[in-house]
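Chemist: A single structure is presented below for examination.
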Amino acid sequence: MIHNANHLRENTDGLKVGGHQASSASMATIMTALYFSALRPEDRIAVKPHASPVFHAIQYLLGNQTREKLEQFRAFGGAQSYPSRTKDIDDVDFSTGSVGLGVAQTLFASLVQDYLRARDENFAEGRMVALIGDAEMDEGNIFEALLEGWKHGLRNCWWIVDYNRQSLDAVVREGLWERFESIFRNFGWDVVILKYGSLQQAAFAEPGGEALRAWIDACPNQLYSALTFQGGAAWRKRLLADIGEEPGIASLLERRPDADLAGMMTNLGGHDLPSLLDAFETARGNDRPTCFIAYTIKGFGLPLAGHKDNHSGLMTRDQMATFRTSMSVSEGREWNAFEGLDVGDLELQRFLDAVPFAAKGQRRRHAQRIIVPDRLVSEAKGSVSTQVGFGRILDEIARAGGPLADAIVTTSPDVTVSTNLGPWVNRRGLFAKESLADTFRNERIASAQKWEFGTSGQHIELGIAENNLFILLSALGLSHSIFGKRLLPIGTLYDPFIQRGLDALNYACYQDARFLLVATPSGVTLAPEGGAHQSIATQLIGMAQDGLAAYEPAFVDELSVIMRFALDYMQRDGDAVQSERTWLRDETGGSVYLRLSTRPVEQIGRTMTPELEQDIVDGGYWLRRPGPNAELVVAYTGALAPEAIEAVGMMAEDRRDVGLLAVTSADRLNAGWTAASRARERGLVHARSHVERLFADLPQHCAIVTVTDGHPASLGWLGSVHGHRTRSLGVEHFGQSGTIDDLYRHFGIDANSIVAAGNGIAAGRPMRYLRALD
């Protein structure tokens, strides 16, 4: 597959295709043992990214992958470079690629399995398995996950470390496996060391065998790799030089020709099928988390085995021809499933048909959708923040009960109370496999929080690590597909710290996990906290992140509409057909991000009509519709509603027909506009997006002032929709402490700054318009 992609398939752009032959070779025996013997239908597995070709080959044998896809490996429409749930056809359990994240996903998937098991004693448990490159263990998020697993009593999780002692650039440090073993044991894991294969173990039983074992144990990683690359003669020379005087060694080596000696010295535990099968079968006897440290050779069985530069190396045509011959594969028959094997095709097919892992066919599950009511209760009067409104809406869902409330599971990285999840948790409790009473409550100490843990709890409390939050949301948000049980995950965190877990958030969206992300507080509006807690770029992240619909409401009634939409949108899995109203592919569904604020805003007394609801969901509506002679429009989003309203009132005293646009989702407006533009380019001349219809009646001379507590580019594009002059206000630099008034004036997003921007852009009108006025 890799050779075809790099040396045989037409290459029009001249770029190396790659494919990691060496990394695939080190995993081949481990994956053979797992997929064809050890795994069961309930098990789920995250494959080391660089072993993707082995995964695709196994799926080809099992009938889940096509030759056409293999021939197009790493090409457009072909099998993916790294296993992907959303882009591969061969039933990937967990996407991998950004190293470390797929590993942690299996841990959190196991915790989700415990959550489901607590609610259904008939739930069939499986193992959550990760195949890990040893260099991948450098990723910090793995160790953050280990800590969380220990807190929650992790079960049914296997991590299998491909300990080939090489990274992308070098050979790993000496003694690394000892550090791994210590870490895992300290977190309550069983550790299984698979160091010696059957051939080595047989040699150890011979005279001189203990001296050989001692030499292997003491051999530096770099030397072992170098001798592997050099082959049998080099092994013999080095062993004789180092331990040749030891009793029995000379005879032990003499009994083995160079090829056999090389085979014995590279017969490590990770390449020995009987050893692997025994280890996996033994571990299935309990549900304890288990780490297998499997010693392997990077490039095992290939001419580049052991070389420190082999990570991205590729066999030449001549080397592949020799390798093909050694595997008894005839030229031109490389794609034949059973080529080169000395067992009959029928017998092999019967074996594949009986593989336990594939016994139940396709592994994607389906779950019924949870009915979401037409309206969520959102009564809010006076001055209320969207963060408080979120807590009230969720609390009302909890109070009402029913299937919707039962399906929701919340989580937060140590900011549960400060993100207003407290009322929900007080009603629904915290999840734990063992009950734990609230000691403060039992001791009659006054507290607003009821921190009672138990199997019926619906909040999973996390430590303060945002990567863990997003990977748990990913695991919860795939429950319908992985486990066949529908959950509606809601995760909260402080908005600026989205960036601390951004890789994990992207990973969750790439897998098409479904969740509601509530980020609050946000922006410089969190004025006294200073720059470290003030977000600038998160609006742009929300707009750019695929699979995530981003909203920033100003009023609680808007938030209620958006949350109702989100709880339904998270469950959709229809065809990617664009709506002719918005040109968004809403029926495919996705995750939702709410950027909320702690700033209280005076609520608007109004009737929520179906038309207004739809505009809120689609991304914006006229809070004050511009008249036919409008000179100026102000567009705002989120907590700056009071400043925008005040500024429009001030400008309306001497300007005609000023409009005020409430942008509830810059993301949705922008995505609809670009999609409609593409549709027109393809001949659908009638295509109009929501924002194009909002601006359809604006006079050409009308100017737009946009204002947001975030980067001005998030709304700066609005003028491009119909070619209106635009001045965009926002925050471009790190914040600082102060009052809201201080910071709004400093960054030029207060009412007076909005008025000044409006006057400035109106003063810059084209001369032909000024002549027309004269």
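In the structure tokens, chains take letters A, B, ... by order of appearance, with residues numbered from 1 within each chain and ligands from 1 in the order shown.
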Would you list, as a PyMOL selection string, the residues of segment 461-566 of chain A that end up in strand (DSSP E or B) under DSSP run on this structure's backbone?
Modeler: chain A and resi 461-462+488-493+516-519+548-551
Chemist: Emit the selected residues as an mmCIF file, in the first residue's frame, including C-alpha atoms.
Modeler:
```cif
data_model
loop_
_atom_site.group_PDB
_atom_site.id
_atom_site.type_symbol
_atom_site.label_atom_id
_atom_site.label_comp_id
_atom_site.auth_asym_id
_atom_site.auth_seq_id
_atom_site.Cartn_x
_atom_site.Cartn_y
_atom_site.Cartn_z
ATOM 1 C CA GLU A 461 -16.391 16.619 38.103
ATOM 2 C CA LEU A 462 -12.907 17.008 36.601
ATOM 3 C CA LEU A 488 -26.446 14.986 25.674
ATOM 4 C CA PRO A 489 -23.154 16.264 27.121
ATOM 5 C CA ILE A 490 -22.774 19.835 28.354
ATOM 6 C CA GLY A 491 -19.323 21.036 29.355
ATOM 7 C CA THR A 492 -18.442 24.375 30.932
ATOM 8 C CA LEU A 493 -15.150 26.236 31.261
ATOM 9 C CA LEU A 516 -22.742 21.659 24.032
ATOM 10 C CA LEU A 517 -19.729 23.723 25.085
ATOM 11 C CA VAL A 518 -20.542 26.626 27.404
ATOM 12 C CA ALA A 519 -17.655 29.064 27.813
ATOM 13 C CA LEU A 548 -18.950 23.552 15.923
ATOM 14 C CA ALA A 549 -21.719 26.147 15.626
ATOM 15 C CA ALA A 550 -20.733 29.194 17.710
ATOM 16 C CA TYR A 551 -23.232 31.564 19.350
#
```
Chemist: So that each row is one residue of segment 556-667 of chain A with an atom at most 12 Å from segment 476-485 of chain A, can you give its shortest atom pair and the distance in Å to one decimal, using only C-alpha atoms, rows by chain and rising number, as a tab-separated table?
Modeler:
```
residue	atom	partner	partner_atom	distance
A:Leu567	CA	A:Gly477	CA	11.9
A:Met570	CA	A:Gly477	CA	8.6
A:Gln571	CA	A:His480	CA	9.1
A:Arg572	CA	A:His480	CA	11.5
A:Asp573	CA	A:Ser481	CA	11.1
A:Gly590	CA	A:Gly477	CA	10.0
A:Ser591	CA	A:Gly477	CA	8.8
A:Val592	CA	A:Gly477	CA	11.6
```
Chemist: Would you put the residues from that selection into a file with N, CA and C atoms, as a short mmCIF file (atom, residue, chain, number, x, y, z; two decimals), in the first residue's frame?
Modeler:
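Okay, this is what ended up in selection11.cif:
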```
data_model
loop_
_atom_site.label_atom_id
_atom_site.label_comp_id
_atom_site.auth_asym_id
_atom_site.auth_seq_id
_atom_site.Cartn_x
_atom_site.Cartn_y
_atom_site.Cartn_z
N LEU A 567 -29.71 21.43 21.72
CA LEU A 567 -30.03 20.09 22.22
C LEU A 567 -30.64 19.21 21.13
N MET A 570 -27.54 18.70 18.21
CA MET A 570 -26.54 17.71 18.62
C MET A 570 -26.93 16.29 18.22
N GLN A 571 -28.22 16.06 17.99
CA GLN A 571 -28.71 14.71 17.72
C GLN A 571 -28.95 14.44 16.24
N ARG A 572 -28.78 15.43 15.39
CA ARG A 572 -29.11 15.26 13.97
C ARG A 572 -28.01 14.49 13.24
N ASP A 573 -28.42 13.69 12.29
CA ASP A 573 -27.46 12.94 11.48
C ASP A 573 -27.98 12.74 10.06
N GLY A 590 -24.25 18.73 14.63
CA GLY A 590 -22.90 19.04 15.08
C GLY A 590 -22.92 19.45 16.54
N SER A 591 -21.81 19.99 16.99
CA SER A 591 -21.71 20.51 18.35
C SER A 591 -21.96 22.01 18.35
N VAL A 592 -22.16 22.56 19.55
CA VAL A 592 -22.50 23.98 19.68
C VAL A 592 -21.65 24.60 20.78
#
```
Chemist: Using only C-alpha atoms, determine which residues lie at most 6 Å from segment 34-44 of chain A, disregarding the query and same-chain residues fewer than 4 positions distant; provide the list as a list in words.
Modeler: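 Once the nearby chain positions are removed, what remains is Asp93, Gly126, Arg127, Met128, Val355, Pro356 and Phe357 of chain A.
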Chemist: Counting only C-alpha atoms, figure out which residue out of A:Lys308, A:Lys450, A:Arg179, A:Lys298 gets nearest to Ala22 of chain A.
Modeler: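 The answer is A:Lys298, which sits nearest to Ala22 of chain A.
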Chemist: Grab the atom CA of Ile604 of chain A to atom CA of Leu698 of chain A distance for me, in Å with one decimal place.
Modeler: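 Straight-line distance from atom CA of Ile604 of chain A to atom CA of Leu698 of chain A works out to 25.3 Å.
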Chemist: Calculated over only C-alpha atoms, which of the candidates A:His271, A:Arg745, A:His733, A:Arg599 has the smallest distance to Pro642 of chain A?
Modeler: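 Answer, going by the shortest atom-to-atom distance: A:Arg599.
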Chemist: Nearest to Arg688 of chain A: which of A:Ala380, A:Val721, A:Ala321, A:Ile464 is it, counting only C-alpha atoms?
Modeler: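 Among the listed residues, the smallest separation from Arg688 of chain A belongs to A:Val721.
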Chemist: Report as a PyMOL selection string: the residues of segment 92-285 of chain A with a DSSP assignment of helix (DSSP H, G or I), based on the backbone of this structure.
Modeler: chain A and resi 101-119+134-138+140-151+176-186+198-204+209-218+221-230+232-243+249-254+258-265+269-271+273-283
Chemist: Which is closest to Gly248 of chain A among A:Leu304, A:Leu623, A:Leu212, A:Ile749, if we use only C-alpha atoms?
Modeler: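 Using only C-alpha atoms, Gly248 of chain A sits closest to A:Leu212.
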